[in-house]
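K.L.:
Compact mmCIF, C-alpha atoms and all ligand atoms, saved as run33.txt, coming up:
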# COMPACT_ATOMS: atom_id res chain seq x y z
CA MET A 1 -5.22 -1.08 -26.98
CA GLN A 2 -5.08 -4.04 -24.58
CA ALA A 3 -6.61 -3.62 -21.13
CA TYR A 4 -7.74 -5.74 -18.17
CA ILE A 5 -11.30 -5.02 -17.10
CA ILE A 6 -13.50 -6.28 -14.27
CA LYS A 7 -15.98 -8.22 -16.40
CA GLU A 8 -17.61 -10.40 -13.76
CA ILE A 9 -17.29 -10.79 -10.00
CA ASN A 10 -15.32 -13.86 -8.85
CA GLN A 11 -13.46 -14.07 -12.16
CA PRO A 12 -9.86 -13.06 -12.86
CA PRO A 13 -9.34 -9.71 -14.60
CA PHE A 14 -10.38 -10.06 -18.24
CA LYS A 15 -7.99 -9.02 -21.02
CA THR A 16 -9.72 -7.32 -23.92
CA GLU A 17 -9.26 -4.83 -26.73
CA VAL A 18 -10.61 -1.33 -26.02
CA ALA A 19 -10.30 2.00 -27.82
CA ILE A 20 -7.39 4.26 -26.84
CA PRO A 21 -9.03 7.00 -24.73
CA VAL A 22 -9.06 10.60 -25.95
CA PRO A 23 -7.89 13.24 -23.45
CA ASN A 24 -9.69 16.53 -22.85
CA ASP A 25 -7.74 19.77 -22.29
CA ASP A 26 -7.02 19.02 -18.59
CA GLU A 27 -5.90 15.47 -19.23
CA ALA A 28 -2.79 13.69 -20.46
CA LEU A 29 -2.76 10.50 -22.51
CA VAL A 30 -0.07 8.48 -20.74
CA LYS A 31 1.52 5.42 -22.32
CA ILE A 32 1.86 2.99 -19.44
CA SER A 33 5.33 1.43 -19.05
CA ALA A 34 4.58 -0.61 -15.92
CA SER A 35 1.79 -1.06 -13.39
CA ALA A 36 1.57 -2.80 -10.02
CA LEU A 37 -0.86 -4.83 -7.96
CA ASN A 38 -2.51 -3.86 -4.69
CA HIS A 39 -4.72 -5.99 -2.47
CA ARG A 40 -7.53 -3.66 -3.43
CA ASP A 41 -7.44 -5.14 -6.95
CA VAL A 42 -7.95 -8.63 -5.49
CA TRP A 43 -10.84 -7.40 -3.31
CA ILE A 44 -12.44 -5.91 -6.44
CA THR A 45 -12.34 -9.21 -8.37
CA LYS A 46 -14.09 -10.79 -5.38
CA GLY A 47 -16.78 -8.11 -5.26
CA GLN A 48 -15.53 -7.03 -1.82
CA TYR A 49 -15.01 -3.33 -2.54
CA PRO A 50 -17.46 -0.44 -2.72
CA GLY A 51 -18.35 1.29 -6.01
CA ILE A 52 -17.45 -1.54 -8.40
CA LYS A 53 -18.35 -0.72 -12.01
CA LEU A 54 -18.30 -3.76 -14.28
CA GLY A 55 -16.44 -3.11 -17.52
CA ALA A 56 -14.04 -0.57 -15.99
CA ILE A 57 -10.28 -0.97 -16.48
CA MET A 58 -8.56 -2.14 -13.28
CA GLY A 59 -5.29 -0.97 -11.70
CA ALA A 60 -4.34 1.91 -9.40
CA ASP A 61 -0.55 1.96 -9.75
CA GLY A 62 1.26 3.04 -12.87
CA CYS A 63 4.31 4.68 -14.37
CA GLY A 64 4.34 5.88 -17.95
CA THR A 65 5.39 8.45 -20.50
CA TRP A 66 3.73 11.63 -21.71
CA GLU A 67 5.31 14.07 -24.12
CA GLY A 68 8.69 12.35 -23.77
CA LYS A 69 8.89 12.45 -19.95
CA GLU A 70 8.34 9.66 -17.40
CA TYR A 71 5.72 10.11 -14.71
CA VAL A 72 4.18 8.28 -11.77
CA ILE A 73 0.45 8.65 -11.27
CA ASN A 74 -1.15 9.70 -7.98
CA PRO A 75 -4.04 7.21 -7.72
CA GLY A 76 -5.99 9.22 -5.11
CA LEU A 77 -8.63 11.12 -7.09
CA ASP A 78 -10.48 14.17 -5.71
CA TRP A 79 -9.16 14.06 -2.15
CA GLY A 80 -10.74 17.43 -1.51
CA SER A 81 -9.67 20.46 0.49
CA ASP A 82 -9.29 19.06 4.03
CA GLU A 83 -5.95 17.45 4.84
CA ALA A 84 -7.56 15.55 7.72
CA TYR A 85 -9.87 13.39 5.63
CA GLN A 86 -10.93 12.73 2.05
CA ALA A 87 -14.04 14.21 0.42
CA LEU A 88 -17.16 12.14 -0.24
CA ASN A 89 -16.35 11.73 -3.92
CA PHE A 90 -12.76 10.60 -3.27
CA ARG A 91 -11.91 7.59 -5.43
CA VAL A 92 -8.96 5.32 -5.92
CA LEU A 93 -7.91 5.01 -9.54
CA GLY A 94 -8.91 1.78 -11.29
CA VAL A 95 -12.65 1.03 -10.91
CA PRO A 96 -14.90 2.91 -11.18
CA ASP A 97 -12.50 5.21 -13.12
CA ASP A 98 -10.48 3.43 -15.80
CA GLY A 99 -7.12 2.43 -14.35
CA THR A 100 -3.57 1.48 -15.19
CA PHE A 101 -3.82 -2.17 -16.33
CA ALA A 102 -3.81 -1.00 -19.95
CA ASP A 103 -1.53 0.29 -22.68
CA TYR A 104 -2.75 3.87 -22.17
CA ILE A 105 -4.60 5.92 -19.57
CA CYS A 106 -6.23 9.34 -19.76
CA ILE A 107 -5.61 11.13 -16.49
CA PRO A 108 -5.93 14.73 -15.28
CA LYS A 109 -2.46 16.29 -15.57
CA LYS A 110 -2.52 17.30 -11.89
CA TYR A 111 -2.11 13.61 -10.93
CA LEU A 112 1.15 13.24 -12.87
CA HIS A 113 4.42 13.59 -10.96
CA GLU A 114 7.87 13.28 -12.44
CA LYS A 115 9.32 9.83 -11.85
CA PRO A 116 12.11 9.93 -9.24
CA SER A 117 15.17 9.66 -11.49
CA TYR A 118 16.96 7.00 -9.41
CA LEU A 119 14.06 4.52 -9.78
CA THR A 120 13.49 2.13 -12.67
CA VAL A 121 10.04 2.29 -14.26
CA GLU A 122 9.19 -1.02 -12.53
CA GLU A 123 10.18 0.38 -9.12
CA ALA A 124 8.34 3.63 -9.79
CA ALA A 125 5.17 1.72 -10.75
CA ALA A 126 5.35 -0.08 -7.39
CA LEU A 127 5.40 3.17 -5.43
CA PRO A 128 2.15 5.20 -5.66
CA LEU A 129 -0.70 3.56 -3.72
CA ALA A 130 1.29 1.61 -1.15
CA GLY A 131 3.91 4.34 -0.88
CA VAL A 132 1.45 7.10 -0.03
CA THR A 133 -0.64 4.86 2.26
CA ALA A 134 2.45 3.94 4.28
CA TYR A 135 3.61 7.58 4.33
CA ARG A 136 0.36 8.89 5.80
CA ALA A 137 -0.18 5.94 8.17
CA LEU A 138 3.35 6.10 9.57
CA VAL A 139 4.92 9.51 9.02
CA VAL A 140 1.86 11.80 9.09
CA LYS A 141 -0.22 9.94 11.69
CA THR A 142 2.26 8.48 14.19
CA LYS A 143 5.04 11.09 13.83
CA PRO A 144 7.85 8.64 14.62
CA LYS A 145 11.08 9.86 16.17
CA ALA A 146 14.58 8.41 15.84
CA GLY A 147 14.98 5.67 18.42
CA ASP A 148 11.26 4.82 18.57
CA LYS A 149 10.49 1.12 18.49
CA VAL A 150 8.10 0.51 15.59
CA LEU A 151 6.20 -2.76 15.09
CA ILE A 152 4.88 -3.49 11.60
CA SER A 153 2.51 -6.44 11.24
CA GLY A 154 2.35 -8.68 8.15
CA ILE A 155 5.64 -7.52 6.70
CA GLY A 156 5.17 -9.33 3.38
CA GLY A 157 2.56 -6.73 2.42
CA GLY A 158 3.26 -3.95 -0.05
CA VAL A 159 2.28 -1.10 2.30
CA ALA A 160 3.94 -2.77 5.30
CA LEU A 161 7.31 -2.90 3.56
CA PHE A 162 7.22 0.78 2.66
CA ALA A 163 6.34 1.60 6.28
CA MET A 164 9.34 -0.44 7.39
CA GLN A 165 11.67 1.32 4.96
CA TYR A 166 10.40 4.77 6.00
CA ALA A 167 10.75 4.00 9.72
CA ILE A 168 14.30 2.72 9.25
CA ALA A 169 15.14 5.86 7.24
CA LEU A 170 13.92 7.95 10.20
CA GLY A 171 16.21 6.10 12.60
CA CYS A 172 13.56 3.94 14.29
CA ASP A 173 14.14 0.38 15.47
CA VAL A 174 11.75 -1.76 13.43
CA TYR A 175 10.27 -5.10 14.47
CA VAL A 176 7.90 -7.08 12.29
CA THR A 177 5.40 -9.91 12.35
CA SER A 178 4.77 -12.32 9.51
CA GLY A 179 3.21 -15.66 8.64
CA THR A 180 6.55 -17.17 7.64
CA GLU A 181 10.12 -17.25 8.95
CA ASP A 182 11.59 -16.53 5.54
CA LYS A 183 9.72 -13.22 5.27
CA ILE A 184 11.01 -12.26 8.73
CA GLU A 185 14.55 -13.14 7.61
CA LYS A 186 14.11 -11.02 4.47
CA ALA A 187 12.88 -8.09 6.58
CA ILE A 188 15.92 -8.44 8.86
CA SER A 189 18.17 -8.43 5.80
CA LEU A 190 16.55 -5.08 4.87
CA GLY A 191 17.26 -3.58 8.30
CA ALA A 192 14.54 -4.81 10.71
CA LYS A 193 15.86 -5.61 14.20
CA GLY A 194 13.73 -8.72 14.69
CA GLY A 195 10.46 -10.44 13.98
CA TYR A 196 7.76 -12.75 15.29
CA LEU A 197 5.37 -15.25 13.73
CA TYR A 198 1.85 -13.91 14.15
CA HIS A 199 0.42 -17.46 14.31
CA ASP A 200 2.52 -18.15 17.42
CA ALA A 201 0.19 -17.37 20.36
CA GLU A 202 3.25 -16.59 22.49
CA TRP A 203 4.67 -13.87 20.21
CA PRO A 204 3.52 -10.89 22.34
CA LYS A 205 5.19 -12.40 25.41
CA LYS A 206 8.36 -13.02 23.42
CA LEU A 207 8.42 -9.44 22.17
CA MET A 208 7.88 -8.07 25.68
CA ALA A 209 10.69 -10.27 27.00
CA ASP A 210 13.01 -9.19 24.18
CA ILE A 211 12.41 -5.43 23.98
CA GLY A 212 9.82 -4.47 26.62
CA GLY A 213 7.23 -3.03 24.18
CA VAL A 214 6.89 -0.66 21.23
CA ASP A 215 6.07 3.03 20.66
CA VAL A 216 4.40 2.75 17.26
CA VAL A 217 2.36 0.00 15.56
CA ILE A 218 1.37 -0.15 11.88
CA ASP A 219 -1.32 -2.71 10.97
CA SER A 220 -3.61 -3.68 8.12
CA ALA A 221 -4.94 -7.01 9.37
CA GLY A 222 -7.37 -6.02 12.16
CA GLY A 223 -9.28 -9.10 13.39
CA SER A 224 -8.84 -10.59 16.84
CA GLY A 225 -5.03 -10.42 16.49
CA PHE A 226 -5.29 -6.66 16.90
CA ASN A 227 -5.55 -7.19 20.66
CA ASN A 228 -2.01 -8.55 20.68
CA LEU A 229 -0.82 -5.32 19.08
CA VAL A 230 -2.39 -3.32 21.91
CA LYS A 231 -0.79 -5.60 24.51
CA VAL A 232 2.76 -4.91 23.31
CA CYS A 233 2.35 -1.12 23.36
CA HIS A 234 4.29 1.17 25.67
CA PRO A 235 2.26 3.84 27.48
CA GLY A 236 1.69 6.71 25.03
CA ALA A 237 2.05 4.48 21.96
CA ARG A 238 0.37 5.24 18.63
CA ILE A 239 -1.34 2.47 16.60
CA SER A 240 -2.05 3.42 13.00
CA PHE A 241 -4.12 1.07 10.84
CA TYR A 242 -5.19 1.31 7.22
CA GLY A 243 -6.79 -2.09 6.54
CA GLY A 244 -8.99 -4.76 8.05
CA SER A 245 -8.09 -7.86 6.04
CA LEU A 246 -9.08 -10.18 8.91
CA GLY A 247 -12.29 -8.36 9.75
CA LYS A 248 -13.69 -6.94 12.97
CA ILE A 249 -11.60 -6.45 16.08
CA ASP A 250 -13.37 -8.61 18.66
CA GLY A 251 -12.73 -8.26 22.34
CA LEU A 252 -10.80 -5.00 22.34
CA ASN A 253 -10.10 -4.06 25.96
CA PRO A 254 -10.80 -0.32 26.51
CA GLN A 255 -8.90 -0.25 29.81
CA LEU A 256 -5.70 -1.35 28.08
CA ILE A 257 -6.06 1.59 25.72
CA PHE A 258 -7.20 4.56 27.80
CA TRP A 259 -5.17 3.84 30.91
CA ARG A 260 -1.97 3.69 28.90
CA GLN A 261 -2.88 6.77 26.81
CA ILE A 262 -2.67 4.79 23.56
CA SER A 263 -3.84 6.53 20.35
CA LEU A 264 -5.74 4.52 17.74
CA LEU A 265 -5.32 6.23 14.38
CA GLY A 266 -7.29 5.24 11.28
CA SER A 267 -5.61 6.13 7.99
CA THR A 268 -6.50 5.85 4.32
CA MET A 269 -4.37 6.55 1.24
CA GLY A 270 -3.16 10.17 1.36
CA SER A 271 -3.93 13.70 0.23
CA ASP A 272 -2.34 15.33 -2.83
CA GLN A 273 0.09 17.02 -0.40
CA ASP A 274 0.91 13.65 1.21
CA PHE A 275 1.71 12.30 -2.25
CA VAL A 276 4.08 15.19 -2.98
CA ASP A 277 5.67 14.82 0.47
CA MET A 278 6.01 11.05 0.01
CA LEU A 279 7.86 11.53 -3.29
CA ALA A 280 10.21 14.04 -1.65
CA PHE A 281 10.76 11.65 1.28
CA VAL A 282 11.62 8.61 -0.87
CA ASP A 283 13.88 10.78 -3.02
CA LYS A 284 15.66 12.21 0.05
CA TYR A 285 16.37 8.76 1.50
CA LYS A 286 16.70 7.08 -1.95
CA ILE A 287 14.18 4.43 -0.91
CA ARG A 288 13.75 1.69 -3.51
CA PRO A 289 10.43 -0.19 -3.43
CA VAL A 290 10.77 -3.89 -2.62
CA VAL A 291 9.63 -5.63 -5.79
CA ASP A 292 8.65 -9.27 -5.34
CA GLU A 293 8.41 -10.05 -9.05
CA VAL A 294 8.05 -8.36 -12.43
CA LEU A 295 5.54 -10.19 -14.62
CA SER A 296 4.71 -9.50 -18.25
CA PHE A 297 1.42 -7.75 -18.99
CA ASP A 298 0.14 -11.03 -20.46
CA ASP A 299 0.84 -12.82 -17.15
CA LEU A 300 -1.03 -10.24 -15.04
CA PRO A 301 -3.62 -12.76 -13.73
CA LEU A 302 -0.75 -14.83 -12.24
CA GLY A 303 0.03 -11.88 -9.99
CA PHE A 304 -3.52 -11.96 -8.63
CA GLN A 305 -3.13 -15.67 -7.83
CA LYS A 306 0.16 -15.08 -6.02
CA MET A 307 -1.28 -12.25 -3.93
CA GLU A 308 -4.40 -14.26 -3.04
CA ALA A 309 -2.13 -17.04 -1.82
CA GLY A 310 -0.12 -14.48 0.21
CA LYS A 311 3.14 -15.72 -1.32
CA GLN A 312 4.60 -12.32 -2.21
CA PHE A 313 7.21 -10.30 -0.36
CA GLY A 314 6.72 -6.77 -1.63
CA LYS A 315 5.13 -5.47 -4.79
CA ILE A 316 4.06 -7.50 -7.82
CA VAL A 317 4.75 -5.42 -10.93
CA PHE A 318 3.52 -5.80 -14.53
CA LYS A 319 5.70 -4.64 -17.42
CA ASN A 320 3.87 -3.48 -20.50
CA ASN A 321 4.82 -4.92 -23.88
N1 LIG B 401 -6.99 2.28 3.58
C1 LIG B 401 -6.12 2.33 2.59
O1 LIG B 401 -5.84 3.40 2.02
C2 LIG B 401 -5.43 1.10 2.14
C3 LIG B 401 -4.36 1.19 1.24
C4 LIG B 401 -3.67 0.04 0.90
C5 LIG B 401 -4.09 -1.18 1.42
N2 LIG B 401 -5.16 -1.25 2.23
C6 LIG B 401 -5.60 -2.53 2.80
O2 LIG B 401 -4.52 -3.04 3.58
C7 LIG B 401 -4.42 -4.46 3.44
C8 LIG B 401 -3.05 -4.80 2.92
O3 LIG B 401 -2.90 -4.29 1.61
P1 LIG B 401 -1.61 -4.59 0.71
O4 LIG B 401 -1.91 -4.08 -0.65
O5 LIG B 401 -0.38 -4.17 1.42
O6 LIG B 401 -1.73 -6.19 0.67
P2 LIG B 401 -0.71 -7.36 0.48
O7 LIG B 401 0.52 -6.85 -0.21
O8 LIG B 401 -1.47 -8.49 -0.10
O9 LIG B 401 -0.33 -7.69 2.00
C9 LIG B 401 -1.22 -8.31 2.89
C10 LIG B 401 -0.42 -8.78 4.04
O10 LIG B 401 -1.27 -9.06 5.15
C11 LIG B 401 -0.49 -9.81 6.03
N3 LIG B 401 -1.25 -10.68 6.90
C12 LIG B 401 -1.95 -11.79 6.57
N4 LIG B 401 -2.44 -12.36 7.69
C13 LIG B 401 -2.05 -11.59 8.73
C14 LIG B 401 -2.23 -11.66 10.14
N5 LIG B 401 -2.91 -12.66 10.70
N6 LIG B 401 -1.67 -10.68 10.90
C15 LIG B 401 -0.97 -9.69 10.34
N7 LIG B 401 -0.75 -9.58 9.02
C16 LIG B 401 -1.29 -10.53 8.23
C17 LIG B 401 0.43 -10.68 5.19
O11 LIG B 401 1.70 -10.60 5.79
P3 LIG B 401 2.81 -11.73 5.63
O12 LIG B 401 2.93 -11.95 4.15
O13 LIG B 401 4.03 -11.14 6.24
O14 LIG B 401 2.35 -12.96 6.36
C18 LIG B 401 0.33 -10.08 3.81
O15 LIG B 401 1.54 -9.84 3.22
C19 LIG B 401 -5.58 -4.86 2.52
O16 LIG B 401 -6.70 -5.19 3.30
C20 LIG B 401 -5.85 -3.59 1.72
O17 LIG B 401 -7.15 -3.54 1.21
C21 LIG B 401 -5.84 -0.13 2.61
Take the structure I supplied and represent it as structure tokens, if you would.
Ligand SMILES: NC(=O)c1ccc[n+]([C@@H]2O[C@H](COP(=O)([O-])OP(=O)(O)OC[C@H]3O[C@@H](n4cnc5c(N)ncnc54)[C@H](OP(=O)(O)O)[C@@H]3O)[C@@H](O)[C@H]2O)c1

P.N.:
Amino acid sequence: MQAYIIKEINQPPFKTEVAIPVPNDDEALVKISASALNHRDVWITKGQYPGIKLGAIMGADGCGTWEGKEYVINPGLDWGSDEAYQALNFRVLGVPDDGTFADYICIPKKYLHEKPSYLTVEEAAALPLAGVTAYRALVVKTKPKAGDKVLISGIGGGVALFAMQYAIALGCDVYVTSGTEDKIEKAISLGAKGGYLYHDAEWPKKLMADIGGVDVVIDSAGGSGFNNLVKVCHPGARISFYGGSLGKIDGLNPQLIFWRQISLLGSTMGSDQDFVDMLAFVDKYKIRPVVDEVLSFDDLPLGFQKMEAGKQFGKIVFKNN
């Protein structure tokens, strides 16, 4: 079968021929119909991710068929028994374990979940990693209520867009930040109430003038811009963050946080229960993943280039041949 492996660091994923894996009794051999890209895959090609195993098949997101039925794959392996945090041997599918950028994958049957029937295979492939990350970061951690003002930074991101869709479904008023006006306009067309350019130093003041602050923040950028997120919080606000793309948070002001009773909530992926709950949630509200582009399996490296350049709005999906 054809598969994309991590052959060398700082090289694009490498397409090669590998043997079709053979499942043991607990596993299913799934024929992949479509897979999708996450920023994690880009970090891996750059060597900026723990536990990289050269030669492993990449890809965390996938939808495929087994014994005539269509399934999505939960990419969170061995979460463990505590809902509050993952076990030490928790792994995300696709390096070091062989992932979804292939014609077939062998996966323990417990990670297969029936594809929501209203989704296409391309939409379903876009859902797992970003969908569960957004579900835990927003729904489980910040417990948003209808009418809450929710700010989501970097709305072009895969996880960010799911968080926006979930918050809107729950009746929250969603505001976004982005690097470009056109992504803000697209978010507004999907139901956001407004947006701000994160490169504009005045954006926190503009938000405060417009709406007076927010109750919930969802972020994956970190970096010094995180301080602006704290500044626009109402007393009692919850900030949930699942990434640190821009690095350390310099100059965080403790007084701004403790005096206003703000909660900082770290979040990563989701438990098996979160994955089940996420699927029920998207099915209940008939949420359709925002797909930026569907590329052929042969064009998979082009998706990496687009994500590195930050040009996408939503998920980049690969359709198998
Ligand atoms: N802990 C976890 O379980 C987990 C799970 C998934 C992802 N992550 C991490 O979360 C991050 C995002 O992942 P993803 O897959 O959603 O990536 P992605 O689709 O590539 O999105 C990244 C987004 O970051 C935004 N961004 C860039 N500069 C920013 C800034 N200065 N301020 C705010 N936002 C900025 C961009 O927003 P615009 O395009 O709107 O400018 C971009 O769309 C990555 O670091 C990833 O490793 C962690």

K.L.:
How would you write, as an MDAnalysis selection string, the set of residues no farther than 8 Å from ligand LIG 401 (chain B) when counting only C-alpha atoms and all ligand atoms?

P.N.:
chainID A and resid 37:40 43 129:130 133:134 153:160 177:180 183:184 198:199 219:223 225 241:246 267:270 307:308 310:315

K.L.:
What are the centre and edge lengths in Å, to one decimal, of the axis-aligned box around all listed atoms of region 192-210 of chain A with 8 Å added on each side, as lines of an AutoDock Vina configuration file?

P.N.:
center_x = 8.0
center_y = -11.5
center_z = 18.9
size_x = 31.7
size_y = 29.3
size_z = 32.3

K.L.:
Can you list, as an MDAnalysis selection string, every protein, DNA or RNA residue that comes within 8 Å of region 19-22 of chain A when you count all atoms listed in the file, leaving out same-chain residues fewer than 5 positions away?

P.N.:
chainID A and resid 1 29 104:106

K.L.:
With all atoms listed in the file as the counted atoms, please give the residues lying no more than 8 Å from Lys319 (chain A), apart from itself and same-chain residues fewer than 3 positions off, as a PyMOL selection string.

P.N.:
chain A and resi 33-35+122+294-297

K.L.:
Find, counting all atoms listed in the file, the residue in A:Ile262, A:Ile239, A:Val140, A:Leu112 that gets nearest to Asp274 (chain A).

P.N.:
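Of A:Ile262, A:Ile239, A:Val140, A:Leu112, the one nearest Asp274 (chain A), counting all atoms listed in the file, is A:Val140.
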
K.L.:
Mind checking which residues fall within 12 Å of Asp210 (chain A), counting all atoms listed in the file, ignoring those fewer than 2 positions away in the same chain, and posting them as a list in words?

P.N.:
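Using all atoms listed in the file, the neighbours found are Tyr175, Lys193, Gly194, Gly195, Tyr196, Trp203, Pro204, Lys205, Lys206, Leu207, Met208, Gly212, Gly213, Val214 and Val232 of chain A.
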
K.L.:
Between CA of Asp250 (chain A) and CA of Val150 (chain A), measure the distance and give it in Å to one decimal.

P.N.:
23.5 Å

K.L.:
Between CA of Gln261 (chain A) and CA of Asp215 (chain A), what distance in Å does the model show, to one decimal?

P.N.:
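Answer for the CA of Gln261 (chain A) to CA of Asp215 (chain A) separation: 11.5 Å.
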
K.L.:
Which value, in Å to one decimal, gives the distance between CA of Asp283 (chain A) and CA of Arg136 (chain A)?

P.N.:
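Those two atoms sit 16.3 Å apart.
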
K.L.:
Find the residue from A:Pro23, A:Gly247, A:Phe162, A:Glu202 that sits nearest to Lys231 (chain A); use only C-alpha atoms when measuring.

P.N.:
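Residue with the minimum atom-to-atom distance to Lys231 (chain A): A:Glu202.
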
K.L.:
With only C-alpha atoms as the counted atoms, please give the residues lying no more than 9 Å from Asp97 (chain A), apart from itself and same-chain residues fewer than 6 positions off, as a list in words.

P.N.:
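The residues that qualify are Lys53, Ala56, Ile57, Met58 and Arg91 of chain A.
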